[in-house]
$ cat data08.cif   # mmCIF, C-alpha atoms
data_data
loop_
_atom_site.label_atom_id
_atom_site.label_comp_id
_atom_site.auth_asym_id
_atom_site.auth_seq_id
_atom_site.Cartn_x
_atom_site.Cartn_y
_atom_site.Cartn_z
CA MET L 1 93.73 146.17 95.60
CA ALA L 2 90.85 145.60 93.20
CA VAL L 3 88.66 142.59 93.88
CA ILE L 4 86.04 141.06 91.59
CA ALA L 5 82.85 139.32 92.53
CA ALA L 6 82.43 135.60 91.92
CA GLY L 7 82.31 134.74 88.24
CA THR L 8 78.79 134.44 86.87
CA ALA L 9 75.42 136.15 87.23
CA PHE L 10 72.00 134.73 86.43
CA ALA L 11 68.85 136.61 85.38
CA ALA L 12 65.59 134.68 85.72
CA THR L 13 62.05 135.76 86.66
CA GLN L 14 58.74 133.95 86.81
CA LEU L 15 55.17 135.27 87.23
CA LYS L 16 52.98 133.59 89.87
CA ASP L 17 49.17 133.75 90.42
CA GLY L 18 48.73 135.49 93.73
CA GLY L 19 44.94 136.13 93.62
CA SER L 20 41.83 134.09 94.52
CA ARG L 21 40.14 132.06 91.81
CA PRO L 22 36.59 133.12 90.66
CA THR L 23 33.63 130.74 90.57
CA ALA L 24 32.57 129.31 87.20
CA GLY L 25 29.70 131.89 86.93
CA GLU L 26 31.95 134.80 87.75
CA ALA L 27 34.49 133.61 85.22
CA ALA L 28 31.84 133.55 82.47
CA GLN L 29 30.98 137.22 83.13
CA GLN L 30 34.58 138.44 83.20
CA PRO L 31 36.69 139.34 80.15
CA ALA L 32 39.49 136.94 79.37
CA PRO L 33 42.69 137.97 81.15
CA PRO L 34 45.56 139.08 79.00
CA ALA L 35 48.03 136.37 78.10
CA SER L 36 50.92 136.13 80.54
CA PRO L 37 54.29 137.06 79.09
CA PRO L 38 56.62 134.09 78.57
CA THR L 39 58.99 133.26 81.38
CA PRO L 40 62.44 134.57 80.43
CA ILE L 41 65.03 131.92 79.66
CA PRO L 42 67.87 132.12 82.20
CA THR L 43 70.90 133.77 80.66
CA THR L 44 74.54 133.62 81.68
CA THR L 45 76.95 136.50 81.22
CA HIS L 46 80.66 136.51 81.90
CA PRO L 47 82.62 139.68 82.65
CA PRO L 48 85.58 140.55 80.43
CA GLY L 49 89.10 139.43 81.23
CA ILE L 50 88.45 135.87 82.42
CA LEU L 51 89.89 132.50 81.42
CA PHE L 52 88.51 129.34 83.01
CA ASP L 53 89.12 125.78 81.90
CA SER L 54 88.20 122.53 83.66
CA PHE L 55 90.14 120.47 81.06
CA ASP L 56 87.18 118.47 79.82
CA TYR L 57 88.87 117.12 76.69
CA ALA L 58 89.22 113.71 75.04
CA GLY L 59 93.00 113.85 74.55
CA PRO L 60 95.89 115.84 73.05
CA SER L 61 94.45 115.53 69.52
CA ASP L 62 90.96 116.70 70.53
CA PRO L 63 90.22 119.57 68.09
CA THR L 64 88.46 121.48 70.88
CA LEU L 65 91.73 121.62 72.82
CA GLU L 66 93.38 123.52 69.97
CA ALA L 67 90.27 125.62 69.38
CA HIS L 68 90.45 126.70 73.02
CA GLY L 69 94.02 127.89 72.55
CA TRP L 70 96.07 125.02 74.05
CA GLU L 71 99.09 123.22 72.59
CA ALA L 72 100.42 119.84 73.73
CA ARG L 73 104.16 120.09 73.15
CA ASP L 74 106.15 117.79 70.88
CA GLY L 75 109.80 117.80 69.88
CA GLY L 76 112.89 119.74 70.80
CA GLY L 77 114.15 122.43 73.08
CA GLY L 78 114.57 122.76 76.80
CA PRO L 79 114.33 122.85 79.68
CA GLY L 80 115.33 119.46 80.98
CA ILE L 81 116.32 116.65 78.65
CA GLU L 82 116.28 118.45 75.32
CA GLY L 83 114.33 116.99 72.43
CA THR L 84 112.20 114.68 74.57
CA TRP L 85 108.85 116.52 74.68
CA ALA L 86 105.92 114.31 73.65
CA SER L 87 102.23 115.15 73.37
CA SER L 88 101.48 111.51 74.22
CA GLY L 89 102.14 112.45 77.85
CA ILE L 90 99.05 114.67 77.89
CA SER L 91 95.70 113.14 78.87
CA PHE L 92 92.46 114.11 80.59
CA PRO L 93 91.46 111.18 82.79
CA GLN L 94 88.75 110.76 85.38
CA VAL L 95 90.27 111.66 88.75
CA PRO L 96 87.99 110.97 91.76
CA THR L 97 89.67 113.60 93.98
CA ALA L 98 89.45 116.34 91.35
CA GLN L 99 86.64 118.89 91.49
CA GLY L 100 84.20 117.77 88.81
CA GLY L 101 85.95 114.40 88.63
CA LYS L 102 88.31 115.15 85.73
CA ALA L 103 91.74 116.75 85.27
CA LEU L 104 94.63 117.42 82.93
CA GLN L 105 97.35 114.84 83.55
CA LEU L 106 100.99 115.32 82.55
CA GLN L 107 102.79 111.98 82.45
CA LEU L 108 106.58 111.84 82.32
CA THR L 109 108.23 108.54 81.49
CA SER L 110 111.91 107.58 81.38
CA ASP L 111 114.18 104.55 81.31
CA GLY L 112 117.15 106.70 82.33
CA THR L 113 118.29 107.43 78.76
CA LYS L 114 117.58 110.41 76.53
CA ALA L 115 116.11 108.17 73.86
CA GLY L 116 113.79 106.59 76.41
CA THR L 117 112.60 109.81 78.06
CA ARG L 118 109.32 111.61 77.36
CA GLN L 119 108.63 114.94 79.08
CA ALA L 120 105.16 116.57 79.08
CA GLN L 121 103.90 120.13 78.66
CA LEU L 122 100.61 121.86 77.90
CA ALA L 123 100.71 125.58 77.09
CA THR L 124 98.54 128.31 75.68
CA ALA L 125 99.37 129.05 72.06
CA GLY L 126 98.87 132.79 72.50
CA THR L 127 100.49 135.34 74.79
CA LYS L 128 97.53 137.16 76.33
CA PHE L 129 98.42 137.04 80.04
CA PHE L 130 100.04 140.20 81.37
CA THR L 131 98.94 141.57 84.75
CA GLY L 132 96.27 140.16 87.03
CA THR L 133 95.58 136.85 88.78
CA PHE L 134 96.60 133.41 87.52
CA ALA L 135 95.43 130.39 89.52
CA ALA L 136 95.33 126.62 89.18
CA ARG L 137 94.50 123.64 91.36
CA VAL L 138 97.48 121.31 91.01
CA TYR L 139 98.33 117.85 92.34
CA PHE L 140 102.07 117.62 93.05
CA THR L 141 103.63 114.20 93.61
CA ASP L 142 106.53 113.19 95.86
CA LYS L 143 107.07 109.75 94.33
CA PRO L 144 106.75 108.18 90.90
CA ALA L 145 103.57 106.33 89.97
CA THR L 146 105.75 103.39 88.93
CA GLY L 147 109.43 102.57 89.19
CA ARG L 148 112.32 103.75 91.30
CA ASP L 149 112.26 107.09 93.13
CA GLY L 150 115.13 109.59 93.06
CA ASP L 151 114.67 111.64 89.88
CA HIS L 152 115.32 115.37 89.99
CA ILE L 153 111.90 116.11 88.56
CA ASN L 154 110.43 119.57 88.11
CA GLN L 155 106.62 119.91 88.25
CA ALA L 156 105.84 123.45 87.12
CA MET L 157 103.23 126.11 86.49
CA PHE L 158 104.63 129.29 84.94
CA LEU L 159 104.09 132.40 82.82
CA ILE L 160 106.68 133.12 80.14
CA SER L 161 107.40 135.50 77.25
CA PRO L 162 108.00 134.21 73.72
CA LYS L 163 111.55 133.09 72.99
CA GLY L 164 112.10 136.03 70.68
CA ALA L 165 111.18 138.57 73.32
CA GLU L 166 113.24 141.73 73.60
CA PRO L 167 115.72 141.08 76.47
CA ALA L 168 114.76 144.24 78.33
CA LYS L 169 111.11 143.12 78.35
CA TYR L 170 111.57 139.40 79.02
CA THR L 171 109.05 138.05 81.53
CA GLU L 172 108.99 134.73 83.40
CA LEU L 173 107.20 133.85 86.64
CA ASP L 174 107.69 130.28 87.92
CA VAL L 175 106.20 127.95 90.49
CA GLU L 176 108.27 124.74 90.47
CA TYR L 177 107.96 121.73 92.77
CA LEU L 178 111.06 119.56 93.15
CA PRO L 179 110.24 116.62 95.47
CA ASN L 180 113.80 115.30 95.26
CA GLY L 181 115.52 118.64 94.87
CA GLY L 182 117.85 119.57 92.05
CA TRP L 183 120.87 121.62 90.99
CA GLY L 184 122.64 120.49 94.17
CA ALA L 185 119.85 121.55 96.55
CA PRO L 186 117.93 118.90 98.51
CA GLY L 187 114.18 118.42 98.36
CA PRO L 188 111.35 118.44 98.81
CA LYS L 189 110.99 122.12 98.02
CA LEU L 190 108.80 124.49 96.07
CA ASP L 191 110.65 127.25 94.23
CA THR L 192 108.94 130.55 93.35
CA THR L 193 111.00 132.63 90.93
CA SER L 194 110.70 135.95 89.10
CA TRP L 195 113.15 136.53 86.22
CA ARG L 196 114.69 139.86 85.16
CA THR L 197 116.00 138.51 81.83
CA ALA L 198 116.46 135.09 80.21
CA LYS L 199 120.14 135.06 81.22
CA ASP L 200 121.04 132.22 83.61
CA GLY L 201 120.79 133.34 87.21
CA ASP L 202 119.30 136.77 86.45
CA ARG L 203 116.36 136.29 88.78
CA ILE L 204 115.11 136.46 92.34
CA THR L 205 113.87 133.25 93.95
CA HIS L 206 112.57 131.69 97.15
CA ALA L 207 112.53 128.04 98.24
CA GLU L 208 109.77 126.72 100.51
CA LYS L 209 111.46 123.64 101.98
CA LYS L 210 108.72 121.13 102.73
CA THR L 211 106.56 118.56 100.99
CA PHE L 212 103.67 119.72 98.82
CA GLN L 213 102.39 116.24 98.03
CA GLY L 214 98.69 116.39 97.08
CA TRP L 215 96.23 118.99 95.83
CA HIS L 216 97.10 122.68 96.20
CA THR L 217 95.66 125.91 94.81
CA VAL L 218 98.54 127.91 93.35
CA VAL L 219 98.06 131.62 92.62
CA ILE L 220 100.42 134.06 90.90
CA THR L 221 99.27 137.68 91.20
CA ALA L 222 100.99 140.49 89.29
CA MET L 223 99.58 143.90 90.22
CA ASN L 224 100.84 147.39 91.04
CA GLY L 225 104.51 146.52 90.56
CA THR L 226 104.46 143.46 92.83
CA VAL L 227 104.35 139.75 92.02
CA SER L 228 102.92 137.52 94.78
CA TYR L 229 103.15 133.74 94.89
CA THR L 230 100.45 132.13 97.02
CA VAL L 231 99.70 128.48 97.79
CA ASP L 232 96.47 127.60 99.60
CA ASP L 233 95.98 131.26 100.55
CA LYS L 234 99.44 131.57 102.12
CA VAL L 235 101.82 134.07 100.53
CA LEU L 236 105.18 132.33 100.06
CA PHE L 237 107.10 135.06 98.25
CA ARG L 238 106.85 138.54 96.73
CA SER L 239 109.06 140.26 94.18
CA HIS L 240 109.17 143.87 92.96
CA GLY L 241 110.78 146.08 90.37
CA LYS L 242 112.59 144.62 87.39
CA GLU L 243 111.03 141.20 87.91
CA PHE L 244 107.51 142.55 87.30
CA PRO L 245 105.93 141.55 83.94
CA ARG L 246 106.93 143.80 81.07
CA GLU L 247 105.10 142.06 78.23
CA PRO L 248 102.33 139.47 77.71
CA THR L 249 103.04 135.81 78.37
CA SER L 250 101.62 132.35 77.83
CA ILE L 251 100.58 130.13 80.74
CA GLN L 252 102.18 126.68 80.85
CA PHE L 253 102.15 123.45 82.85
CA SER L 254 105.06 121.03 82.54
CA SER L 255 106.78 118.00 84.04
CA TRP L 256 110.46 117.58 83.19
CA LEU L 257 113.75 116.12 84.38
CA ILE L 258 116.82 118.16 85.31
CA ASP L 259 119.09 115.18 84.61
CA LEU L 260 119.15 111.39 84.26
CA PRO L 261 120.78 110.06 87.45
CA PHE L 262 120.07 106.34 86.95
CA THR L 263 118.65 103.77 84.52
CA GLY L 264 115.41 101.85 84.83
CA ASP L 265 111.79 102.47 83.85
CA ARG L 266 109.74 104.95 85.85
CA THR L 267 106.61 107.09 85.41
CA TRP L 268 105.68 110.37 87.09
CA THR L 269 102.27 112.06 86.96
CA MET L 270 101.17 115.62 87.72
CA ASP L 271 97.48 116.64 87.61
CA VAL L 272 95.89 120.04 87.00
CA ASN L 273 92.21 120.21 87.98
CA TRP L 274 91.37 123.66 86.58
CA VAL L 275 92.90 126.99 85.65
CA TYR L 276 91.40 130.43 86.33
CA CYS L 277 92.78 133.81 85.25
CA LYS L 278 91.52 137.39 85.67
CA ALA L 279 93.22 140.12 83.68
CA GLY L 280 94.27 143.30 85.42
CA GLU L 281 92.81 142.54 88.86
CA ALA L 282 93.94 140.94 92.11
CA VAL L 283 91.43 138.28 93.12
CA PRO L 284 91.53 136.63 96.58
CA LEU L 285 91.39 132.85 96.83
CA LYS L 286 87.90 132.83 98.34
CA THR L 287 86.51 134.73 95.36
CA ILE L 288 88.43 132.54 92.90
CA GLN L 289 86.97 129.40 94.46
CA GLN L 290 83.45 130.87 94.49
CA ALA L 291 83.75 131.63 90.78
CA VAL L 292 85.12 128.16 90.01
CA ASP L 293 82.37 126.49 92.07
CA GLY L 294 79.81 128.49 90.10
CA PHE L 295 81.25 127.36 86.77
CA TYR L 296 81.12 123.71 87.82
CA ALA L 297 77.55 124.13 89.13
CA GLN L 298 76.54 125.55 85.73
CA ASN L 299 78.35 122.74 83.90
CA THR L 300 80.54 125.41 82.30
CA HIS L 301 83.84 123.86 81.25
CA TYR L 302 85.48 126.71 79.38
CA ILE L 303 85.31 130.52 79.31
CA ASP L 304 87.63 132.95 77.54
CA THR L 305 86.90 136.67 77.63
CA MET L 306 90.56 137.65 77.93
CA PRO L 307 91.69 140.68 75.94
CA LYS L 308 93.35 139.75 72.67
CA ASN L 309 96.90 140.96 72.25
#
$ encode --input "data08.cif" --output "C-alpha cells"
Amino acid sequence: MAVIAAGTAFAATQLKDGGSRPTAGEAAQQPAPPASPPTPIPTTTHPPGILFDSFDYAGPSDPTLEAHGWEARDGGGGPGIEGTWASSGISFPQVPTAQGGKALQLQLTSDGTKAGTRQAQLATAGTKFFTGTFAARVYFTDKPATGRDGDHINQAMFLISPKGAEPAKYTELDVEYLPNGGWGAPGPKLDTTSWRTAKDGDRITHAEKKTFQGWHTVVITAMNGTVSYTVDDKVLFRSHGKEFPREPTSIQFSSWLIDLPFTGDRTWTMDVNWVYCKAGEAVPLKTIQQAVDGFYAQNTHYIDTMPKN
C-alpha cells in the first residue's frame, strides 16, 4: 500500500547575526560588510494528484464554485423523486462545529407532494476520479431540522460514471445513510455499495445497522483491485473484482427521498465540511487529517492538481 506524506511543504530560511559587534572605532577601520541576501519568501508547493476543498463559497451561483469544477444540480432525472432537483438547496453557511467554521449544506424540503419537493445535489462537472483515496467529513442527520420525522431519506456521498458510460465499464461506489431505512429495510443504517453495471440489483452491498448521527470522516479507497469503505478509520466493507472502478467518475454529494410517505412540510439538512482526494494512492486517515489540518492552517481553501482526463 502506497502512503503519501501530509499535504504541503514550506521552504523558508532567514540569516541571523551570530557574531560580536565591533566598537565604533573598529567599525570605522573595517570595510563595509557585503549586503545580506534578501530573506526568501515562503513558498507553498502541492504534489500532483490532489483535490481539496473546504467549500468556502458564497452560494450556488458563486462563479468561483463553477470555476472550481462544481455543479449545483437543477431539474430532472433520478434518483428519488424525479424532476425535483433544485440548486436553491445548496448553501455554504457558517457551522460552529465544522473545521474552519464553514461547510457545504444540502437542504431538502418537501410538503409530501412531488410539486412541493426539492432535492439537493452538488457534483463535480468533470470525471477525473479513478483510483486512489476519496474522503469527506460529513454530518449525517437522524431527524429533520423542521417538521415531522419518518421520511425515507438518503444522504449520500458517491463516485459515479457518466450516464452514457459503456455498460461493461460502468462504475459506481456509494456511501448512503438512511436514518429511517428504505426499500422495505428498517433504519438507521449506512449502506456501502459497489456496482458492477447500472442494471438494478447488479451490485454488492453491506448495511451497517446503527445510527451515524453527527460528524463522520468517510473514506472510499480504490486500489489494487479492492474497494474499501471506511468511516472514522473503521473499515465497514470491502469489494473486489468486477465492482472495481473501470473508468473515471465524478464525486457527488446528495440528499434525496426514496418516496413520499406522508404530507406536511419538513426540511432535512446534510453538511459536508471538506473533501480530500488523492489520485492513485491509498492514504490512511491520520495522513488525510494531517494534510487537511495543514491546509486550514495555511488558509488554503481549494487545491486541484488532479490529472485531467
$ resolve_selection --input "data08.cif" --expression "the PyMOL selection byres ((chain L and resi 202) around 12)" --output "PDB file with C-alpha atoms, keeping the file's coordinate frame"
ATOM      1  CA  PRO L 167     115.720 141.080  76.470  1.00  0.00           C
ATOM      2  CA  ALA L 168     114.760 144.240  78.330  1.00  0.00           C
ATOM      3  CA  TYR L 170     111.570 139.400  79.020  1.00  0.00           C
ATOM      4  CA  THR L 171     109.050 138.050  81.530  1.00  0.00           C
ATOM      5  CA  GLU L 172     108.990 134.730  83.400  1.00  0.00           C
ATOM      6  CA  THR L 193     111.000 132.630  90.930  1.00  0.00           C
ATOM      7  CA  SER L 194     110.700 135.950  89.100  1.00  0.00           C
ATOM      8  CA  TRP L 195     113.150 136.530  86.220  1.00  0.00           C
ATOM      9  CA  ARG L 196     114.690 139.860  85.160  1.00  0.00           C
ATOM     10  CA  THR L 197     116.000 138.510  81.830  1.00  0.00           C
ATOM     11  CA  ALA L 198     116.460 135.090  80.210  1.00  0.00           C
ATOM     12  CA  LYS L 199     120.140 135.060  81.220  1.00  0.00           C
ATOM     13  CA  ASP L 200     121.040 132.220  83.610  1.00  0.00           C
ATOM     14  CA  GLY L 201     120.790 133.340  87.210  1.00  0.00           C
ATOM     15  CA  ARG L 203     116.360 136.290  88.780  1.00  0.00           C
ATOM     16  CA  ILE L 204     115.110 136.460  92.340  1.00  0.00           C
ATOM     17  CA  THR L 205     113.870 133.250  93.950  1.00  0.00           C
ATOM     18  CA  LYS L 242     112.590 144.620  87.390  1.00  0.00           C
ATOM     19  CA  GLU L 243     111.030 141.200  87.910  1.00  0.00           C
TER      20      GLU L 243
END
$ residues_around --input "data08.cif" --residues "Ala98 in chain L" --least-positions-apart "3" --cutoff "10 Å" --atoms "all atoms listed in the file" --output "list in words"
Ser54, Gln94, Val95, Gly101, Lys102, Ala103, Leu104, Arg137, Val138, Tyr139, Trp215, Asp271, Val272, Asn273 and Trp274 of chain L
$ residues_around --input "data08.cif" --residues "Gly78 in chain L" --least-positions-apart "3" --cutoff "12 Å" --atoms "only C-alpha atoms" --output "list of chain:residue names"
L:Arg73, L:Asp74, L:Gly75, L:Ile81, L:Glu82, L:Gly83, L:Thr84, L:Trp85, L:Gln119, L:Ala120, L:Gln121, L:Lys163, L:Ser254, L:Ser255, L:Trp256, L:Leu257, L:Ile258, L:Asp259
$ resolve_selection --input "data08.cif" --expression "the PyMOL selection byres ((chain L and resi 57-69) around 6)" --output "list of chain:residue names"
L:Phe55, L:Asp56, L:Trp70, L:Ile90, L:Ser91, L:Thr124, L:Ala125
$ residues_around --input "data08.cif" --residues "range 219-232 of chain L" --least-positions-apart "5" --cutoff "7 Å" --atoms "only C-alpha atoms" --output "ChimeraX atom specification"
/L:131-136,192,237-241,244,282
$ write_last_selection --input "data08.cif" --atoms "C-alpha atoms" --output "mmCIF file, keeping the file's coordinate frame"
data_model
loop_
_atom_site.group_PDB
_atom_site.id
_atom_site.type_symbol
_atom_site.label_atom_id
_atom_site.label_comp_id
_atom_site.auth_asym_id
_atom_site.auth_seq_id
_atom_site.Cartn_x
_atom_site.Cartn_y
_atom_site.Cartn_z
ATOM 1 C CA THR L 131 98.940 141.570 84.750
ATOM 2 C CA GLY L 132 96.270 140.160 87.030
ATOM 3 C CA THR L 133 95.580 136.850 88.780
ATOM 4 C CA PHE L 134 96.600 133.410 87.520
ATOM 5 C CA ALA L 135 95.430 130.390 89.520
ATOM 6 C CA ALA L 136 95.330 126.620 89.180
ATOM 7 C CA THR L 192 108.940 130.550 93.350
ATOM 8 C CA PHE L 237 107.100 135.060 98.250
ATOM 9 C CA ARG L 238 106.850 138.540 96.730
ATOM 10 C CA SER L 239 109.060 140.260 94.180
ATOM 11 C CA HIS L 240 109.170 143.870 92.960
ATOM 12 C CA GLY L 241 110.780 146.080 90.370
ATOM 13 C CA PHE L 244 107.510 142.550 87.300
ATOM 14 C CA ALA L 282 93.940 140.940 92.110
#
$ atom_distance --input "data08.cif" --atom1 "CA of Asp233 in chain L" --atom2 "CA of Ala145 in chain L"
28.1 Å
$ closest_residue --input "data08.cif" --among "L:Thr305, L:Gln99, L:Thr117, L:Thr269" --to "Gln155 in chain L" --atoms "all atoms listed in the file"
L:Thr269
$ build_atoms --input "data08.cif" --residues "range 288-299 of chain L" --atoms "all heavy atoms" --output "PDB file, keeping the file's coordinate frame"
ATOM      1  N   ILE L 288      88.077 133.470  93.973  1.00  0.00           N
ATOM      2  CA  ILE L 288      88.430 132.540  92.900  1.00  0.00           C
ATOM      3  C   ILE L 288      87.638 131.245  93.047  1.00  0.00           C
ATOM      4  O   ILE L 288      87.016 130.763  92.090  1.00  0.00           O
ATOM      5  CB  ILE L 288      89.940 132.234  92.921  1.00  0.00           C
ATOM      6  CG1 ILE L 288      90.758 133.464  92.569  1.00  0.00           C
ATOM      7  CG2 ILE L 288      90.269 131.086  91.951  1.00  0.00           C
ATOM      8  CD1 ILE L 288      92.250 133.299  92.802  1.00  0.00           C
ATOM      9  N   GLN L 289      87.642 130.681  94.248  1.00  0.00           N
ATOM     10  CA  GLN L 289      86.970 129.400  94.460  1.00  0.00           C
ATOM     11  C   GLN L 289      85.460 129.528  94.281  1.00  0.00           C
ATOM     12  O   GLN L 289      84.809 128.621  93.740  1.00  0.00           O
ATOM     13  CB  GLN L 289      87.296 128.838  95.843  1.00  0.00           C
ATOM     14  CG  GLN L 289      86.858 127.390  96.032  1.00  0.00           C
ATOM     15  CD  GLN L 289      87.520 126.436  95.064  1.00  0.00           C
ATOM     16  OE1 GLN L 289      88.740 126.303  95.046  1.00  0.00           O
ATOM     17  NE2 GLN L 289      86.723 125.766  94.231  1.00  0.00           N
ATOM     18  N   GLN L 290      84.879 130.647  94.699  1.00  0.00           N
ATOM     19  CA  GLN L 290      83.450 130.870  94.490  1.00  0.00           C
ATOM     20  C   GLN L 290      83.123 130.895  92.996  1.00  0.00           C
ATOM     21  O   GLN L 290      82.120 130.317  92.552  1.00  0.00           O
ATOM     22  CB  GLN L 290      83.016 132.171  95.147  1.00  0.00           C
ATOM     23  CG  GLN L 290      82.947 132.118  96.658  1.00  0.00           C
ATOM     24  CD  GLN L 290      82.665 133.475  97.283  1.00  0.00           C
ATOM     25  OE1 GLN L 290      82.810 134.520  96.636  1.00  0.00           O
ATOM     26  NE2 GLN L 290      82.253 133.482  98.540  1.00  0.00           N
ATOM     27  N   ALA L 291      83.963 131.568  92.223  1.00  0.00           N
ATOM     28  CA  ALA L 291      83.750 131.630  90.780  1.00  0.00           C
ATOM     29  C   ALA L 291      83.869 130.236  90.167  1.00  0.00           C
ATOM     30  O   ALA L 291      83.023 129.819  89.360  1.00  0.00           O
ATOM     31  CB  ALA L 291      84.761 132.575  90.145  1.00  0.00           C
ATOM     32  N   VAL L 292      84.907 129.501  90.549  1.00  0.00           N
ATOM     33  CA  VAL L 292      85.120 128.160  90.010  1.00  0.00           C
ATOM     34  C   VAL L 292      83.956 127.236  90.389  1.00  0.00           C
ATOM     35  O   VAL L 292      83.444 126.469  89.551  1.00  0.00           O
ATOM     36  CB  VAL L 292      86.464 127.585  90.508  1.00  0.00           C
ATOM     37  CG1 VAL L 292      86.584 126.107  90.170  1.00  0.00           C
ATOM     38  CG2 VAL L 292      87.625 128.368  89.900  1.00  0.00           C
ATOM     39  N   ASP L 293      83.514 127.312  91.643  1.00  0.00           N
ATOM     40  CA  ASP L 293      82.370 126.490  92.070  1.00  0.00           C
ATOM     41  C   ASP L 293      81.136 126.812  91.228  1.00  0.00           C
ATOM     42  O   ASP L 293      80.365 125.908  90.860  1.00  0.00           O
ATOM     43  CB  ASP L 293      82.055 126.751  93.548  1.00  0.00           C
ATOM     44  CG  ASP L 293      83.122 126.215  94.493  1.00  0.00           C
ATOM     45  OD1 ASP L 293      83.974 125.423  94.042  1.00  0.00           O
ATOM     46  OD2 ASP L 293      83.110 126.600  95.679  1.00  0.00           O
ATOM     47  N   GLY L 294      80.946 128.088  90.925  1.00  0.00           N
ATOM     48  CA  GLY L 294      79.810 128.490  90.100  1.00  0.00           C
ATOM     49  C   GLY L 294      79.895 127.918  88.694  1.00  0.00           C
ATOM     50  O   GLY L 294      78.894 127.449  88.142  1.00  0.00           O
ATOM     51  N   PHE L 295      81.088 127.925  88.115  1.00  0.00           N
ATOM     52  CA  PHE L 295      81.250 127.360  86.770  1.00  0.00           C
ATOM     53  C   PHE L 295      80.923 125.870  86.756  1.00  0.00           C
ATOM     54  O   PHE L 295      80.226 125.379  85.858  1.00  0.00           O
ATOM     55  CB  PHE L 295      82.670 127.597  86.264  1.00  0.00           C
ATOM     56  CG  PHE L 295      83.045 129.049  86.131  1.00  0.00           C
ATOM     57  CD1 PHE L 295      84.334 129.477  86.416  1.00  0.00           C
ATOM     58  CD2 PHE L 295      82.115 129.989  85.733  1.00  0.00           C
ATOM     59  CE1 PHE L 295      84.694 130.807  86.304  1.00  0.00           C
ATOM     60  CE2 PHE L 295      82.455 131.338  85.615  1.00  0.00           C
ATOM     61  CZ  PHE L 295      83.745 131.739  85.899  1.00  0.00           C
ATOM     62  N   TYR L 296      81.417 125.146  87.757  1.00  0.00           N
ATOM     63  CA  TYR L 296      81.120 123.710  87.820  1.00  0.00           C
ATOM     64  C   TYR L 296      79.626 123.481  88.027  1.00  0.00           C
ATOM     65  O   TYR L 296      79.039 122.579  87.418  1.00  0.00           O
ATOM     66  CB  TYR L 296      81.922 123.055  88.941  1.00  0.00           C
ATOM     67  CG  TYR L 296      83.322 122.653  88.547  1.00  0.00           C
ATOM     68  CD1 TYR L 296      84.425 123.407  88.935  1.00  0.00           C
ATOM     69  CD2 TYR L 296      83.555 121.510  87.781  1.00  0.00           C
ATOM     70  CE1 TYR L 296      85.714 123.047  88.576  1.00  0.00           C
ATOM     71  CE2 TYR L 296      84.841 121.144  87.412  1.00  0.00           C
ATOM     72  CZ  TYR L 296      85.918 121.912  87.813  1.00  0.00           C
ATOM     73  OH  TYR L 296      87.196 121.545  87.444  1.00  0.00           O
ATOM     74  N   ALA L 297      78.983 124.296  88.879  1.00  0.00           N
ATOM     75  CA  ALA L 297      77.550 124.130  89.130  1.00  0.00           C
ATOM     76  C   ALA L 297      76.732 124.368  87.863  1.00  0.00           C
ATOM     77  O   ALA L 297      75.672 123.748  87.667  1.00  0.00           O
ATOM     78  CB  ALA L 297      77.100 125.091  90.236  1.00  0.00           C
ATOM     79  N   GLN L 298      77.227 125.245  86.986  1.00  0.00           N
ATOM     80  CA  GLN L 298      76.540 125.550  85.730  1.00  0.00           C
ATOM     81  C   GLN L 298      76.936 124.595  84.597  1.00  0.00           C
ATOM     82  O   GLN L 298      76.464 124.746  83.465  1.00  0.00           O
ATOM     83  CB  GLN L 298      76.876 126.972  85.297  1.00  0.00           C
ATOM     84  CG  GLN L 298      76.473 128.052  86.286  1.00  0.00           C
ATOM     85  CD  GLN L 298      77.367 129.259  86.201  1.00  0.00           C
ATOM     86  OE1 GLN L 298      78.050 129.479  85.194  1.00  0.00           O
ATOM     87  NE2 GLN L 298      77.406 130.048  87.255  1.00  0.00           N
ATOM     88  N   ASN L 299      77.813 123.646  84.913  1.00  0.00           N
ATOM     89  CA  ASN L 299      78.350 122.740  83.900  1.00  0.00           C
ATOM     90  C   ASN L 299      79.077 123.518  82.795  1.00  0.00           C
ATOM     91  O   ASN L 299      79.029 123.165  81.621  1.00  0.00           O
ATOM     92  CB  ASN L 299      77.240 121.870  83.295  1.00  0.00           C
ATOM     93  CG  ASN L 299      77.787 120.614  82.641  1.00  0.00           C
ATOM     94  OD1 ASN L 299      78.806 120.063  83.057  1.00  0.00           O
ATOM     95  ND2 ASN L 299      77.107 120.153  81.599  1.00  0.00           N
TER      96      ASN L 299
END
